[in-house]
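Listing of input.txt; format and content: compact mmCIF, C-alpha atoms and all ligand atoms.
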```txt
# COMPACT_ATOMS: atom_id res chain seq x y z
CA MET M 1 3.69 77.40 -137.54
CA THR M 2 5.31 77.99 -140.95
CA PHE M 3 3.99 77.29 -144.44
CA ILE M 4 4.92 76.72 -148.04
CA VAL M 5 2.37 77.30 -150.80
CA ASP M 6 2.34 75.98 -154.35
CA LYS M 7 2.86 78.43 -157.19
CA THR M 8 -0.86 79.05 -157.79
CA LEU M 9 -1.36 80.38 -154.25
CA GLY M 10 0.65 83.63 -154.32
CA LYS M 11 -2.23 85.73 -152.98
CA LEU M 12 -2.80 83.33 -150.09
CA ALA M 13 0.93 83.61 -149.29
CA THR M 14 0.56 87.41 -149.17
CA TRP M 15 -2.38 87.13 -146.78
CA LEU M 16 -0.52 84.76 -144.45
CA ARG M 17 2.43 87.18 -144.45
CA ILE M 18 0.05 90.04 -143.56
CA LEU M 19 -0.94 87.99 -140.50
CA GLY M 20 2.76 87.51 -139.73
CA TYR M 21 3.05 83.84 -140.66
CA ASP M 22 6.33 82.75 -142.21
CA THR M 23 5.20 81.56 -145.67
CA ALA M 24 7.49 80.44 -148.48
CA SER M 25 6.33 80.43 -152.09
CA GLY M 26 7.09 77.29 -154.05
CA HIS M 27 7.70 79.02 -157.37
CA ASP M 28 9.01 75.85 -158.80
CA ALA M 29 6.93 73.78 -161.22
CA ASP M 30 8.94 70.80 -159.99
CA LEU M 31 6.67 69.27 -157.36
CA GLU M 32 9.48 67.22 -155.87
CA LYS M 33 11.41 70.40 -155.08
CA ILE M 34 8.47 71.91 -153.23
CA VAL M 35 8.07 68.74 -151.18
CA ARG M 36 11.81 68.71 -150.43
CA GLN M 37 11.79 72.36 -149.32
CA ALA M 38 8.78 71.66 -147.08
CA GLN M 39 10.70 68.76 -145.51
CA ASP M 40 14.01 70.62 -145.16
CA GLU M 41 12.44 73.70 -143.59
CA ALA M 42 9.71 71.83 -141.64
CA ARG M 43 6.93 73.77 -143.33
CA THR M 44 3.30 72.78 -143.69
CA LEU M 45 2.32 72.45 -147.35
CA LEU M 46 -0.73 74.33 -148.61
CA THR M 47 -1.85 73.37 -152.08
CA LYS M 48 -4.73 73.19 -154.53
CA ASP M 49 -2.87 70.59 -156.55
CA LYS M 50 -4.17 67.07 -155.85
CA LYS M 51 -1.09 65.49 -157.39
CA LEU M 52 1.24 67.52 -155.19
CA TYR M 53 -0.90 66.75 -152.17
CA LYS M 54 -0.62 63.02 -152.89
CA GLU M 55 3.13 63.21 -153.42
CA SER M 56 3.62 65.04 -150.15
CA GLY M 57 3.20 61.68 -148.38
CA GLY M 58 3.43 62.03 -144.61
CA LEU M 59 4.23 65.76 -144.64
CA PRO M 60 1.84 68.03 -142.79
CA ALA M 61 -0.29 69.37 -145.63
CA LEU M 62 -3.69 70.82 -146.43
CA LEU M 63 -5.51 70.42 -149.74
CA LEU M 64 -7.50 73.63 -150.19
CA GLN M 65 -11.03 73.62 -151.59
CA GLU M 66 -11.66 77.33 -152.08
CA ASP M 67 -10.62 79.39 -155.13
CA ASN M 68 -10.89 82.87 -153.64
CA PRO M 69 -7.67 83.84 -151.78
CA PHE M 70 -9.46 85.35 -148.80
CA ARG M 71 -11.68 82.27 -148.45
CA GLN M 72 -8.55 80.13 -148.73
CA LEU M 73 -7.11 82.14 -145.86
CA GLN M 74 -10.24 81.45 -143.82
CA GLU M 75 -9.85 77.76 -144.63
CA VAL M 76 -6.27 77.76 -143.35
CA VAL M 77 -7.05 79.80 -140.23
CA ARG M 78 -9.94 77.51 -139.37
CA HIS M 79 -8.16 74.25 -140.14
CA PHE M 80 -5.05 75.01 -138.10
CA ARG M 81 -6.86 77.20 -135.56
CA LEU M 82 -4.37 79.97 -136.25
CA THR M 83 -4.33 82.87 -133.85
CA ILE M 84 -4.16 86.40 -135.17
CA LYS M 85 -1.81 88.45 -133.07
CA ASP M 86 -1.93 92.21 -133.45
CA ASP M 87 1.77 92.67 -132.87
CA LEU M 88 2.59 90.27 -135.71
CA LEU M 89 0.36 91.94 -138.29
CA PHE M 90 2.33 93.57 -141.10
CA SER M 91 5.63 92.38 -139.62
CA ARG M 92 6.80 90.60 -142.79
CA CYS M 93 7.68 91.68 -146.30
CA LEU M 94 4.70 90.77 -148.48
CA VAL M 95 6.98 90.20 -151.45
CA CYS M 96 9.77 88.05 -150.03
CA ASN M 97 8.60 86.95 -146.55
CA THR M 98 11.53 88.56 -144.65
CA LEU M 99 10.88 90.16 -141.25
CA LEU M 100 10.70 93.95 -141.60
CA GLN M 101 12.86 96.38 -139.65
CA ALA M 102 11.63 99.73 -138.38
CA ILE M 103 13.67 102.57 -139.88
CA ASP M 104 14.24 106.19 -139.06
CA PRO M 105 11.69 108.21 -141.09
CA ALA M 106 14.57 110.24 -142.52
CA GLU M 107 15.76 107.11 -144.31
CA ALA M 108 12.51 106.98 -146.24
CA GLN M 109 12.94 110.48 -147.68
CA GLY M 110 13.54 110.33 -151.40
CA GLU M 111 12.62 106.65 -151.45
CA VAL M 112 8.88 107.10 -151.04
CA PRO M 113 6.69 109.77 -152.70
CA ASP M 114 6.98 113.17 -150.94
CA TYR M 115 3.35 113.26 -149.84
CA ILE M 116 3.83 109.88 -148.16
CA TYR M 117 7.01 111.02 -146.46
CA HIS M 118 5.32 114.17 -145.12
CA ASN M 119 2.18 112.44 -143.87
CA HIS M 120 3.55 109.34 -142.19
CA TRP M 121 5.73 108.83 -139.17
CA GLU M 122 6.40 105.15 -139.12
CA PHE M 123 8.27 103.34 -141.82
CA SER M 124 9.86 99.92 -142.04
CA ARG M 125 12.14 98.34 -144.58
CA CYS M 126 12.68 94.81 -145.83
CA PRO M 127 16.36 94.06 -145.20
CA SER M 128 16.31 91.59 -148.08
CA CYS M 129 14.55 93.27 -151.04
CA ARG M 130 14.78 96.83 -149.58
CA LYS M 131 11.09 97.55 -150.09
CA ILE M 132 9.78 100.26 -147.75
CA TYR M 133 6.43 99.91 -145.97
CA TRP M 134 4.23 102.43 -144.19
CA ALA M 135 0.72 102.35 -142.80
CA GLY M 136 -1.21 103.84 -145.71
CA THR M 137 -4.70 103.43 -147.13
CA HIS M 138 -3.83 99.98 -148.40
CA TYR M 139 -2.94 99.03 -144.83
CA GLY M 140 -6.35 100.29 -143.62
CA HIS M 141 -8.12 98.14 -146.17
CA MET M 142 -6.15 95.03 -145.24
CA ARG M 143 -6.66 95.76 -141.56
CA LYS M 144 -10.43 95.72 -142.14
CA MET M 145 -10.18 92.38 -143.90
CA VAL M 146 -8.25 90.96 -140.94
CA GLU M 147 -10.93 92.25 -138.58
CA ARG M 148 -13.53 90.45 -140.71
CA LEU M 149 -11.45 87.33 -140.35
CA GLN M 150 -11.36 87.70 -136.57
CA GLU M 151 -15.11 88.30 -136.39
CA ALA M 152 -15.91 85.40 -138.67
CA ASP M 153 -18.20 82.93 -137.00
CA TRP M 154 -16.70 79.48 -137.32
ZN ZN C 201 11.28 91.86 -149.14
```

Reformat the file's structure so that it appears as structure tokens.
Amino acid sequence: MTFIVDKTLGKLATWLRILGYDTASGHDADLEKIVRQAQDEARTLLTKDKKLYKESGGLPALLLQEDNPFRQLQEVVRHFRLTIKDDLLFSRCLVCNTLLQAIDPAEAQGEVPDYIYHNHWEFSRCPSCRKIYWAGTHYGHMRKMVERLQEADW
């Protein structure tokens, strides 16, 4: 299942990417363009915009009620009964949605802070925007949030 979010839902897009779901950001203010991209790429539209939701006519779409990004994520997971697969977690670039590629740690030298380079063994890179990822403290925090999501009692 793949998604497109409206431009107010950037944090929700990041969360879906953390879970490994292919999620495009509709940066455009032009609602028609977002609807067209959703159609062309067969994506499910997630929006808080009632007007956009109405104009999406026939497209698979969900009008979100929650304002908090994590609660929005819970809404989406519950509504579509999304599964959370461990091997898909942190597999996508959080910035641009591209699938990450594992890299040789040596490649990260000079591109990440020295203390990161010396204390981590696994790095991956976004082939599109070149951002480098590693499992740091931020990762631990997000991992805990995902566990909360999995434990959540529907
Ligand atoms: Zn990227």

Go ahead and find all residues with at least one atom no further than 6 Å from (12.8, 95.3, -139.9) in the file's coordinates, using only C-alpha atoms; report them as an MDAnalysis selection string.
chainID M and resid 99:102 124:126

Could you list the protein, DNA and RNA residues that have any atom within 6 Å of ligand ZN 201 (chain C), counting all atoms listed in the file, and write them as a PyMOL selection string?
chain M and resi 93+95-96+98+126+128-129+131

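Take CA of Ile4 (chain M) and CA of Lys85 (chain M): the distance between them is 20.2 Å.
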
Mind pulling up the distance from CA of Ser91 (chain M) to CA of Ala135 (chain M)?
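So the answer is 11.6 Å.
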
Excluding Leu88 (chain M) and any residue of its chain fewer than 3 positions from it, enumerate the residues within 9 Å of it, using all atoms listed in the file, and give them as a PyMOL selection string.
chain M and resi 18-21+84-85+91-92

Give me, as a PyMOL selection string, all polymer residues having an atom no more than 12 Å from Arg36 (chain M), counting all atoms listed in the file and skipping those fewer than 2 positions away in the same chain.
chain M and resi 4+26+28+30-34+38-45+52+55-57+59

What residues have an atom no more than 12 Å from (13.4, 108.4, -140.4) in the file's own frame, counting all atoms listed in the file, and can you write them as a list in words?
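Protein and nucleic acid residues near the point are Ala102, Ile103, Asp104, Pro105, Ala106, Glu107, Ala108, Gln109, Gly110, Glu111, Val112, Tyr117, His118, His120, Trp121, Glu122, Phe123, Ser124, Arg125, Ile132 and Trp134 of chain M.
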
Can you report as JSON the centre and edge lengths in Å, to one decimal, of an axis-aligned box around the listed atoms of region 82-99 of chain M padded with 8 Å on each side?
```
{"center_x": 3.6, "center_y": 86.8, "center_z": -142.2, "size_x": 31.9, "size_y": 29.6, "size_z": 34.6}
```

Shell of 12 Å around Leu63 (chain M), only C-alpha atoms, local chain residues under 4 positions omitted, as a PyMOL selection string:
chain M and resi 5-6+9+44-56+59+67+72+75-76+79

Taking into account only C-alpha atoms, which residue in the set M:Leu12, M:Glu147, M:Phe3, M:Ile116 is nearest to Glu66 (chain M)?
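So, comparing all the options, the nearest one is M:Leu12.
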
Using CA of Val146 (chain M) and CA of Asn119 (chain M) as the two end points, give the distance in Å to one decimal.
24.1 Å

Pick the closest to Asn68 (chain M) from M:Gln37, M:Thr83, M:Thr8, M:Asn97: which is it, counting all atoms listed in the file?
M:Thr8

From the list M:Leu82, M:Met1, M:Leu16, M:Leu62, which residue is nearest Met142 (chain M) when using all atoms listed in the file?
M:Leu16

Please return region 84-97 of chain M, rebuilt to N, CA and C atoms, as a JSON list (two decimals), in the coordinates of the input.
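Dumped to out.json:
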```
[["chain", "number", "residue", "atom", "x", "y", "z"],
["M", 84, "ILE", "N", -4.55, 85.17, -134.49],
["M", 84, "ILE", "CA", -4.16, 86.40, -135.17],
["M", 84, "ILE", "C", -3.69, 87.37, -134.10],
["M", 85, "LYS", "N", -2.39, 87.60, -134.11],
["M", 85, "LYS", "CA", -1.81, 88.45, -133.07],
["M", 85, "LYS", "C", -1.52, 89.84, -133.63],
["M", 86, "ASP", "N", -2.08, 90.84, -132.98],
["M", 86, "ASP", "CA", -1.93, 92.21, -133.45],
["M", 86, "ASP", "C", -0.48, 92.63, -133.67],
["M", 87, "ASP", "N", 0.39, 92.20, -132.75],
["M", 87, "ASP", "CA", 1.77, 92.67, -132.87],
["M", 87, "ASP", "C", 2.53, 91.97, -134.00],
["M", 88, "LEU", "N", 1.94, 90.93, -134.58],
["M", 88, "LEU", "CA", 2.59, 90.27, -135.71],
["M", 88, "LEU", "C", 2.07, 90.75, -137.06],
["M", 89, "LEU", "N", 0.93, 91.46, -137.02],
["M", 89, "LEU", "CA", 0.36, 91.94, -138.29],
["M", 89, "LEU", "C", 1.34, 92.86, -138.98],
["M", 90, "PHE", "N", 1.47, 92.71, -140.28],
["M", 90, "PHE", "CA", 2.33, 93.57, -141.10],
["M", 90, "PHE", "C", 3.78, 93.58, -140.60],
["M", 91, "SER", "N", 4.25, 92.44, -140.10],
["M", 91, "SER", "CA", 5.63, 92.38, -139.62],
["M", 91, "SER", "C", 6.56, 91.78, -140.66],
["M", 92, "ARG", "N", 6.00, 91.26, -141.76],
["M", 92, "ARG", "CA", 6.80, 90.60, -142.79],
["M", 92, "ARG", "C", 6.68, 91.29, -144.13],
["M", 93, "CYS", "N", 7.73, 91.17, -144.94],
["M", 93, "CYS", "CA", 7.68, 91.68, -146.30],
["M", 93, "CYS", "C", 6.67, 90.83, -147.09],
["M", 94, "LEU", "N", 5.73, 91.51, -147.75],
["M", 94, "LEU", "CA", 4.70, 90.77, -148.48],
["M", 94, "LEU", "C", 5.25, 90.16, -149.77],
["M", 95, "VAL", "N", 6.38, 90.69, -150.21],
["M", 95, "VAL", "CA", 6.98, 90.20, -151.45],
["M", 95, "VAL", "C", 7.88, 88.99, -151.20],
["M", 96, "CYS", "N", 8.76, 89.11, -150.17],
["M", 96, "CYS", "CA", 9.77, 88.05, -150.03],
["M", 96, "CYS", "C", 9.75, 87.36, -148.67],
["M", 97, "ASN", "N", 8.79, 87.71, -147.79],
["M", 97, "ASN", "CA", 8.60, 86.95, -146.55],
["M", 97, "ASN", "C", 9.58, 87.28, -145.43]]
```
